[in-house]
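S.K.: Below you will find the structure I want to go over with you.
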Amino acid sequence: MGFVDERFSSPSLRALLALAVVFVMLATTGWTALHSSRAGSDPRATALTAWLKDSVGGRSLPKPEAGADAVAHFFATLSPAQRQRLAVRYPLVVGNLNGAPVALRYAANRHALATAELREAQRSHSDLLTFEGRQDAAGRAERYASLLSGDRQILAFDPTGRGRVAEVFGDLAAADRVSVIVPGVDTDVLSFERTVEEYRAPVGMASALYAAERTVRPSAHTAVIAWADYTTPSGVGLDASTGELAEAGAKRLNALLAALPARSQVSLFCHSYGSVLCGVAASHLPASVTDVAVFGSPGMRAEHAADLHTTARVWATRDSTDWIGDVPHLEFAGLGHGADPVSRAFGARVIAATGAQGHAGYFQQGTASLANFTRIALGAYGSVTCASGSACTA
């Protein structure tokens, strides 16, 4: 026994053991939700292949990886009719193309959503699917119909797999200040919005923040993006304990940020695993990003805020009822995400979240967290309150 005790006496091995215990606990207590990826073709990849073989006016169509500036220049040389033809012919490309005119992306995504809704409505009655498959198709058709309703501004849409989507509140093209909500695990096209406790899903978070901005400063030119345009982990399992999906998502986030209006000041609000993504993205954020606020965070894959290598202000908060506080904030052999962002040693500006309940209650009306997020989004730093109750200085 003495040998065993000595073997597990080092801090690193104790950390590994703690992580193993936590992940076993998560897997056996129902915290881990297992979701199988939806089988089928990749319609966007198919559309992109055709796009890259096409041309307009004798010129090749731009590759998505060409960058937002090159894409914007290309569309600026087209006539309105040429732009519309591309949006109708290739909605899954144009609707997700950073640098394409925002209004054109909205229009393209309406075409893509209408096609997807019809397809899923037909699949929901197909005898070739299981009962569960027909239910999934019916749920997707209902979600697509919701995204098509009214004047919703869908900035990105990809039905492949679990689905990715992003929505804009406000006038993005004219905004001086833009906020981006980056959600965490189990976020996909079906969980993008809720009808009960709306503020716990990305759409509800973004709409709550935008409404609060309009209340506090009606004359401000702001926009808020509910950004579920990356592949999130399914449940609190192995994918959620590593940075692999965060690294892929960080590239997508920075590509979006590079395409936002150059004059805009940008704030990121990163929830749960989304804060891991924001931590990975931090060192490559454009200068327009002035603030990164994390909440319900398992860590940012850094030991100190300074290690993020960003000029943006780093804010953090966690409600006392949030279960993420029970997860060890450490990293060992690629598992875990590092120091607790609300700890004094990390060095973030720790703000109050009074009134928030649970892991996803930070945007509920009347909470200190929503009030503070609104002040950060508007640049009213002098009125942000710290967790201690004192003013947070910029």
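We label chains A, B, ... in the order they appear in the structure tokens, count residues from 1 in each chain, and number ligands from 1 in the order shown.
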Find the nearest atom pair between each residue of region 257-327 of chain A and region 156-177 of chain A for residues within 9 Å, count only C-alpha atoms, give distances in Å to one decimal, sort rows by chain and ascending number, and present the table as a Markdown table.

M.R.:
```
| residue | atom | partner | partner_atom | distance |
| --- | --- | --- | --- | --- |
| A:Leu260 | CA | A:Leu172 | CA | 8.0 |
| A:Pro261 | CA | A:Ala173 | CA | 6.5 |
| A:Arg263 | CA | A:Asp176 | CA | 6.5 |
| A:Ser264 | CA | A:Asp176 | CA | 4.4 |
| A:Gln265 | CA | A:Arg177 | CA | 4.8 |
| A:Val266 | CA | A:Arg177 | CA | 5.8 |
| A:Ser267 | CA | A:Arg177 | CA | 7.8 |
```

S.K.: Which residues are near Val327 (chain A)? Cut-off 8 Å, only C-alpha atoms, ignore same chain within fewer than 2 positions. Put them as a list in words.

M.R.: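 Once the nearby chain positions are removed, what remains is Val22, Pro298, Trp323, Ile324, Gly325 and His329 of chain A.
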
S.K.: Quick one: pick out all alpha helix (DSSP H) residues within region 7-249 of chain A from a backbone DSSP run and write them as a compact mmCIF listing (two decimals) with N, CA and C atoms, in the first residue's frame.

M.R.:
```txt
# COMPACT_ATOMS: atom_id res chain seq x y z
N ARG A 7 2.93 6.40 -5.30
CA ARG A 7 2.78 6.52 -6.74
C ARG A 7 1.77 7.60 -7.11
N PRO A 11 1.32 15.90 -7.70
CA PRO A 11 0.16 16.71 -8.09
C PRO A 11 -0.39 16.33 -9.46
N SER A 12 0.50 16.02 -10.43
CA SER A 12 0.01 15.73 -11.77
C SER A 12 -0.80 14.45 -11.81
N LEU A 13 -0.33 13.42 -11.06
CA LEU A 13 -1.07 12.16 -11.06
C LEU A 13 -2.37 12.30 -10.29
N ARG A 14 -2.36 13.11 -9.23
CA ARG A 14 -3.63 13.34 -8.51
C ARG A 14 -4.62 14.07 -9.42
N ALA A 15 -4.11 14.98 -10.25
CA ALA A 15 -4.98 15.68 -11.18
C ALA A 15 -5.59 14.73 -12.19
N LEU A 16 -4.76 13.82 -12.72
CA LEU A 16 -5.26 12.85 -13.67
C LEU A 16 -6.32 11.96 -13.05
N LEU A 17 -6.08 11.53 -11.82
CA LEU A 17 -7.04 10.69 -11.12
C LEU A 17 -8.35 11.45 -10.90
N ALA A 18 -8.24 12.73 -10.54
CA ALA A 18 -9.44 13.54 -10.33
C ALA A 18 -10.25 13.64 -11.61
N LEU A 19 -9.56 13.86 -12.72
CA LEU A 19 -10.27 13.95 -13.99
C LEU A 19 -10.96 12.64 -14.33
N ALA A 20 -10.25 11.53 -14.12
CA ALA A 20 -10.85 10.22 -14.41
C ALA A 20 -12.10 10.00 -13.59
N VAL A 21 -12.05 10.35 -12.31
CA VAL A 21 -13.21 10.19 -11.44
C VAL A 21 -14.37 11.04 -11.92
N VAL A 22 -14.06 12.29 -12.30
CA VAL A 22 -15.12 13.20 -12.75
C VAL A 22 -15.80 12.67 -14.00
N PHE A 23 -15.03 12.20 -14.97
CA PHE A 23 -15.63 11.76 -16.22
C PHE A 23 -16.41 10.47 -16.04
N VAL A 24 -15.96 9.60 -15.12
CA VAL A 24 -16.75 8.42 -14.81
C VAL A 24 -18.06 8.84 -14.15
N MET A 25 -17.98 9.83 -13.24
CA MET A 25 -19.19 10.32 -12.58
C MET A 25 -20.16 10.91 -13.58
N LEU A 26 -19.64 11.72 -14.50
CA LEU A 26 -20.51 12.34 -15.49
C LEU A 26 -21.19 11.29 -16.36
N ALA A 27 -20.44 10.26 -16.70
CA ALA A 27 -20.99 9.24 -17.59
C ALA A 27 -22.03 8.37 -16.91
N THR A 28 -21.97 8.27 -15.58
CA THR A 28 -22.86 7.35 -14.89
C THR A 28 -23.99 8.04 -14.14
N PRO A 43 -24.91 18.06 -47.99
CA PRO A 43 -25.41 18.91 -49.08
C PRO A 43 -24.55 20.14 -49.33
N ARG A 44 -23.95 20.69 -48.27
CA ARG A 44 -23.13 21.88 -48.49
C ARG A 44 -21.85 21.52 -49.25
N ALA A 45 -21.25 20.37 -48.93
CA ALA A 45 -20.05 19.95 -49.65
C ALA A 45 -20.36 19.71 -51.12
N THR A 46 -21.51 19.13 -51.38
CA THR A 46 -21.93 18.91 -52.77
C THR A 46 -22.10 20.24 -53.49
N ALA A 47 -22.75 21.20 -52.82
CA ALA A 47 -22.95 22.52 -53.43
C ALA A 47 -21.61 23.22 -53.65
N LEU A 48 -20.69 23.08 -52.70
CA LEU A 48 -19.39 23.75 -52.82
C LEU A 48 -18.58 23.18 -53.99
N THR A 49 -18.68 21.88 -54.21
CA THR A 49 -17.98 21.27 -55.34
C THR A 49 -18.46 21.87 -56.66
N ALA A 50 -19.78 22.01 -56.78
CA ALA A 50 -20.34 22.61 -57.99
C ALA A 50 -19.96 24.08 -58.11
N TRP A 51 -19.97 24.79 -56.99
CA TRP A 51 -19.60 26.22 -56.96
C TRP A 51 -18.19 26.43 -57.50
N LEU A 52 -17.26 25.61 -57.07
CA LEU A 52 -15.86 25.79 -57.46
C LEU A 52 -15.62 25.47 -58.93
N LYS A 53 -16.57 24.81 -59.58
CA LYS A 53 -16.44 24.51 -61.01
C LYS A 53 -17.14 25.56 -61.87
N ALA A 68 -12.38 36.93 -46.18
CA ALA A 68 -13.54 37.81 -46.28
C ALA A 68 -13.29 38.99 -47.23
N ASP A 69 -12.09 39.56 -47.22
CA ASP A 69 -11.80 40.72 -48.07
C ASP A 69 -11.88 40.35 -49.54
N ALA A 70 -11.32 39.21 -49.92
CA ALA A 70 -11.34 38.78 -51.32
C ALA A 70 -12.77 38.46 -51.77
N VAL A 71 -13.53 37.83 -50.89
CA VAL A 71 -14.92 37.49 -51.21
C VAL A 71 -15.74 38.78 -51.36
N ALA A 72 -15.53 39.73 -50.44
CA ALA A 72 -16.26 40.99 -50.51
C ALA A 72 -15.94 41.73 -51.81
N HIS A 73 -14.67 41.73 -52.21
CA HIS A 73 -14.28 42.40 -53.45
C HIS A 73 -14.95 41.74 -54.65
N PHE A 74 -15.01 40.42 -54.65
CA PHE A 74 -15.64 39.70 -55.75
C PHE A 74 -17.11 40.10 -55.89
N PHE A 75 -17.86 40.09 -54.79
CA PHE A 75 -19.28 40.41 -54.87
C PHE A 75 -19.51 41.87 -55.22
N ALA A 76 -18.56 42.72 -54.86
CA ALA A 76 -18.69 44.15 -55.19
C ALA A 76 -18.61 44.39 -56.68
N PRO A 80 -26.46 43.40 -59.20
CA PRO A 80 -27.45 42.84 -58.29
C PRO A 80 -28.07 41.55 -58.82
N ALA A 81 -28.32 41.50 -60.11
CA ALA A 81 -28.92 40.30 -60.70
C ALA A 81 -27.96 39.11 -60.60
N GLN A 82 -26.67 39.34 -60.83
CA GLN A 82 -25.69 38.25 -60.73
C GLN A 82 -25.60 37.73 -59.30
N ARG A 83 -25.63 38.63 -58.34
CA ARG A 83 -25.58 38.21 -56.93
C ARG A 83 -26.78 37.34 -56.58
N GLN A 84 -27.96 37.79 -57.00
CA GLN A 84 -29.17 37.04 -56.67
C GLN A 84 -29.16 35.66 -57.32
N ARG A 85 -28.67 35.58 -58.56
CA ARG A 85 -28.62 34.28 -59.23
C ARG A 85 -27.72 33.31 -58.47
N LEU A 86 -26.60 33.80 -57.97
CA LEU A 86 -25.70 32.94 -57.21
C LEU A 86 -26.34 32.50 -55.89
N ALA A 87 -27.07 33.42 -55.23
CA ALA A 87 -27.72 33.08 -53.97
C ALA A 87 -28.79 32.02 -54.15
N VAL A 88 -29.50 32.08 -55.27
CA VAL A 88 -30.55 31.10 -55.54
C VAL A 88 -29.96 29.76 -56.00
N ARG A 89 -28.90 29.83 -56.80
CA ARG A 89 -28.30 28.59 -57.33
C ARG A 89 -27.46 27.88 -56.27
N PRO A 91 -27.37 28.43 -52.50
CA PRO A 91 -27.71 29.04 -51.20
C PRO A 91 -26.86 28.53 -50.05
N LEU A 92 -26.47 27.26 -50.08
CA LEU A 92 -25.67 26.72 -48.98
C LEU A 92 -24.22 27.19 -49.03
N VAL A 93 -23.80 27.75 -50.15
CA VAL A 93 -22.47 28.34 -50.24
C VAL A 93 -22.55 29.83 -49.89
N VAL A 94 -23.39 30.57 -50.61
CA VAL A 94 -23.48 32.02 -50.39
C VAL A 94 -23.94 32.33 -48.97
N VAL A 102 -24.23 40.92 -46.26
CA VAL A 102 -25.06 40.33 -45.21
C VAL A 102 -26.48 40.07 -45.69
N ALA A 103 -27.08 41.05 -46.36
CA ALA A 103 -28.46 40.88 -46.84
C ALA A 103 -28.55 39.73 -47.83
N LEU A 104 -27.52 39.54 -48.64
CA LEU A 104 -27.52 38.43 -49.59
C LEU A 104 -27.43 37.10 -48.87
N ARG A 105 -26.65 37.05 -47.78
CA ARG A 105 -26.57 35.82 -46.99
C ARG A 105 -27.93 35.48 -46.37
N TYR A 106 -28.62 36.50 -45.87
CA TYR A 106 -29.95 36.26 -45.31
C TYR A 106 -30.87 35.65 -46.38
N ALA A 107 -30.85 36.23 -47.57
CA ALA A 107 -31.71 35.75 -48.65
C ALA A 107 -31.34 34.32 -49.06
N ALA A 108 -30.04 34.06 -49.16
CA ALA A 108 -29.60 32.72 -49.54
C ALA A 108 -30.03 31.69 -48.52
N ASN A 109 -29.91 32.03 -47.25
CA ASN A 109 -30.29 31.08 -46.21
C ASN A 109 -31.79 30.83 -46.15
N ARG A 110 -32.59 31.81 -46.57
CA ARG A 110 -34.03 31.56 -46.68
C ARG A 110 -34.30 30.52 -47.76
N HIS A 111 -33.59 30.60 -48.86
CA HIS A 111 -33.73 29.58 -49.91
C HIS A 111 -33.30 28.20 -49.39
N ALA A 112 -32.17 28.17 -48.70
CA ALA A 112 -31.66 26.89 -48.18
C ALA A 112 -32.60 26.29 -47.15
N LEU A 113 -33.14 27.12 -46.29
CA LEU A 113 -34.06 26.65 -45.25
C LEU A 113 -35.36 26.14 -45.86
N ALA A 114 -35.88 26.83 -46.87
CA ALA A 114 -37.12 26.39 -47.52
C ALA A 114 -36.93 25.02 -48.15
N THR A 115 -35.79 24.82 -48.81
CA THR A 115 -35.50 23.52 -49.41
C THR A 115 -35.36 22.44 -48.34
N ALA A 116 -34.65 22.76 -47.26
CA ALA A 116 -34.45 21.80 -46.18
C ALA A 116 -35.75 21.46 -45.48
N GLU A 117 -36.61 22.46 -45.30
CA GLU A 117 -37.90 22.20 -44.64
C GLU A 117 -38.74 21.23 -45.46
N LEU A 118 -38.81 21.46 -46.76
CA LEU A 118 -39.59 20.58 -47.63
C LEU A 118 -39.03 19.16 -47.60
N ARG A 119 -37.72 19.03 -47.66
CA ARG A 119 -37.10 17.71 -47.65
C ARG A 119 -37.40 16.97 -46.35
N GLU A 120 -37.27 17.65 -45.21
CA GLU A 120 -37.50 16.99 -43.94
C GLU A 120 -38.98 16.68 -43.72
N ALA A 121 -39.87 17.54 -44.22
CA ALA A 121 -41.30 17.26 -44.12
C ALA A 121 -41.64 15.99 -44.89
N GLN A 122 -41.03 15.81 -46.05
CA GLN A 122 -41.25 14.59 -46.82
C GLN A 122 -40.66 13.37 -46.11
N ARG A 123 -39.48 13.51 -45.55
CA ARG A 123 -38.85 12.40 -44.84
C ARG A 123 -39.64 11.99 -43.60
N PHE A 131 -39.28 4.89 -36.84
CA PHE A 131 -40.14 5.84 -36.13
C PHE A 131 -39.30 6.99 -35.59
N GLU A 132 -38.13 6.65 -35.02
CA GLU A 132 -37.26 7.69 -34.48
C GLU A 132 -36.75 8.61 -35.59
N GLY A 133 -36.45 8.01 -36.76
CA GLY A 133 -35.99 8.81 -37.88
C GLY A 133 -37.05 9.78 -38.38
N ARG A 134 -38.30 9.31 -38.41
CA ARG A 134 -39.38 10.20 -38.83
C ARG A 134 -39.61 11.31 -37.82
N GLN A 135 -39.45 10.98 -36.53
CA GLN A 135 -39.58 12.02 -35.50
C GLN A 135 -38.49 13.07 -35.64
N ASP A 136 -37.26 12.63 -35.89
CA ASP A 136 -36.15 13.56 -36.08
C ASP A 136 -36.42 14.48 -37.27
N ALA A 137 -36.89 13.88 -38.37
CA ALA A 137 -37.19 14.68 -39.56
C ALA A 137 -38.29 15.69 -39.29
N ALA A 138 -39.32 15.28 -38.55
CA ALA A 138 -40.41 16.19 -38.23
C ALA A 138 -39.92 17.34 -37.35
N GLY A 139 -39.03 17.01 -36.40
CA GLY A 139 -38.47 18.05 -35.54
C GLY A 139 -37.65 19.05 -36.31
N ARG A 140 -36.88 18.55 -37.28
CA ARG A 140 -36.07 19.45 -38.10
C ARG A 140 -36.96 20.33 -38.98
N ALA A 141 -37.98 19.73 -39.58
CA ALA A 141 -38.89 20.52 -40.41
C ALA A 141 -39.52 21.64 -39.60
N GLU A 142 -39.90 21.33 -38.36
CA GLU A 142 -40.49 22.34 -37.48
C GLU A 142 -39.48 23.44 -37.15
N ARG A 143 -38.24 23.05 -36.89
CA ARG A 143 -37.22 24.05 -36.60
C ARG A 143 -36.95 24.94 -37.81
N TYR A 144 -36.84 24.34 -38.99
CA TYR A 144 -36.58 25.14 -40.19
C TYR A 144 -37.73 26.11 -40.46
N ALA A 145 -38.96 25.66 -40.22
CA ALA A 145 -40.11 26.54 -40.39
C ALA A 145 -40.03 27.72 -39.43
N SER A 146 -39.58 27.47 -38.22
CA SER A 146 -39.42 28.54 -37.24
C SER A 146 -38.36 29.53 -37.70
N LEU A 147 -37.24 29.03 -38.20
CA LEU A 147 -36.17 29.91 -38.67
C LEU A 147 -36.60 30.74 -39.88
N LEU A 148 -37.58 30.25 -40.61
CA LEU A 148 -38.10 30.97 -41.77
C LEU A 148 -39.17 31.99 -41.41
N PRO A 202 -29.19 29.66 -27.37
CA PRO A 202 -28.51 30.78 -28.02
C PRO A 202 -29.44 31.89 -28.51
N VAL A 203 -30.57 31.54 -29.13
CA VAL A 203 -31.48 32.56 -29.63
C VAL A 203 -32.01 33.41 -28.48
N GLY A 204 -32.39 32.76 -27.39
CA GLY A 204 -32.90 33.49 -26.24
C GLY A 204 -31.84 34.35 -25.59
N MET A 205 -30.60 33.86 -25.53
CA MET A 205 -29.51 34.65 -24.98
C MET A 205 -29.29 35.92 -25.80
N ALA A 206 -29.23 35.75 -27.11
CA ALA A 206 -28.97 36.88 -27.99
C ALA A 206 -30.12 37.88 -27.98
N SER A 207 -31.35 37.38 -28.02
CA SER A 207 -32.49 38.30 -28.03
C SER A 207 -32.61 39.04 -26.71
N ALA A 208 -32.27 38.36 -25.59
CA ALA A 208 -32.32 39.02 -24.28
C ALA A 208 -31.28 40.13 -24.20
N LEU A 209 -30.09 39.88 -24.71
CA LEU A 209 -29.04 40.89 -24.68
C LEU A 209 -29.40 42.07 -25.59
N TYR A 210 -29.91 41.78 -26.77
CA TYR A 210 -30.27 42.86 -27.69
C TYR A 210 -31.40 43.71 -27.11
N ALA A 211 -32.40 43.07 -26.51
CA ALA A 211 -33.50 43.81 -25.90
C ALA A 211 -33.00 44.69 -24.75
N ALA A 212 -32.07 44.16 -23.96
CA ALA A 212 -31.51 44.93 -22.84
C ALA A 212 -30.72 46.13 -23.37
N GLU A 213 -29.96 45.94 -24.44
CA GLU A 213 -29.23 47.06 -25.04
C GLU A 213 -30.18 48.15 -25.50
N ARG A 214 -31.28 47.74 -26.15
CA ARG A 214 -32.24 48.71 -26.66
C ARG A 214 -32.93 49.47 -25.52
N THR A 215 -33.12 48.78 -24.40
CA THR A 215 -33.74 49.43 -23.25
C THR A 215 -32.80 50.44 -22.61
N VAL A 216 -31.55 50.05 -22.43
CA VAL A 216 -30.57 50.91 -21.77
C VAL A 216 -30.16 52.08 -22.65
N LEU A 238 -15.88 12.77 -23.56
CA LEU A 238 -14.49 12.95 -23.97
C LEU A 238 -14.30 14.17 -24.85
N ASP A 239 -15.21 14.39 -25.83
CA ASP A 239 -15.07 15.55 -26.70
C ASP A 239 -15.09 16.86 -25.91
N ALA A 240 -15.91 16.89 -24.86
CA ALA A 240 -16.02 18.10 -24.05
C ALA A 240 -14.81 18.31 -23.16
N SER A 241 -14.02 17.27 -22.94
CA SER A 241 -12.87 17.36 -22.04
C SER A 241 -11.58 17.71 -22.77
N GLU A 244 -10.08 19.69 -29.01
CA GLU A 244 -10.10 19.44 -30.45
C GLU A 244 -11.23 20.20 -31.15
N LEU A 245 -12.45 20.08 -30.66
CA LEU A 245 -13.57 20.77 -31.29
C LEU A 245 -13.47 22.28 -31.09
N ALA A 246 -12.88 22.70 -29.98
CA ALA A 246 -12.67 24.13 -29.74
C ALA A 246 -11.69 24.71 -30.76
N GLU A 247 -10.66 23.97 -31.10
CA GLU A 247 -9.69 24.45 -32.07
C GLU A 247 -10.32 24.62 -33.45
N ALA A 248 -11.14 23.65 -33.85
CA ALA A 248 -11.83 23.77 -35.14
C ALA A 248 -12.82 24.93 -35.10
N GLY A 249 -13.53 25.06 -33.99
CA GLY A 249 -14.50 26.14 -33.85
C GLY A 249 -13.84 27.51 -33.81
```

S.K.: For Gly366 (chain A), find every residue with an atom within 10 Å (counting only C-alpha atoms), except residues of its own chain fewer than 4 positions away, and show them as a PyMOL selection string.

M.R.: chain A and resi 354-356+362+370-371

S.K.: Give me the residues within 6 Å of Ala387 (chain A) as a PDB file with C-alpha atoms, in the first residue's frame, counting only C-alpha atoms and dropping any in the same chain fewer than 2 places off.

M.R.:
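Wrote part-v3.pdb, looks like this:
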```
ATOM      1  CA  VAL A 350     -14.824  38.719 -12.112  1.00  0.00           C
ATOM      2  CA  ILE A 351     -18.323  40.164 -12.358  1.00  0.00           C
ATOM      3  CA  ALA A 352     -21.529  39.596 -10.411  1.00  0.00           C
ATOM      4  CA  GLY A 389     -20.091  44.343  -5.300  1.00  0.00           C
TER       5      GLY A 389
END
```

S.K.: A:Gly58, A:Gly99, A:Gly296, A:Pro233: which is nearest Val342 (chain A), counting only C-alpha atoms?

M.R.: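 For Val342 (chain A), the nearest of the candidates is A:Gly296.
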
S.K.: For Gly279 (chain A), find every residue with an atom within 7 Å (counting only C-alpha atoms), except residues of its own chain fewer than 4 positions away, and show them as an MDAnalysis selection string.

M.R.: chainID A and resid 275 300:301 308

S.K.: Hey, which of A:Ile154, A:Ala333, A:Ala377, A:Ala293 ends up closest to Thr242 (chain A)? Count only C-alpha atoms.

M.R.: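 Distance minimum relative to Thr242 (chain A) lands on A:Ala333.
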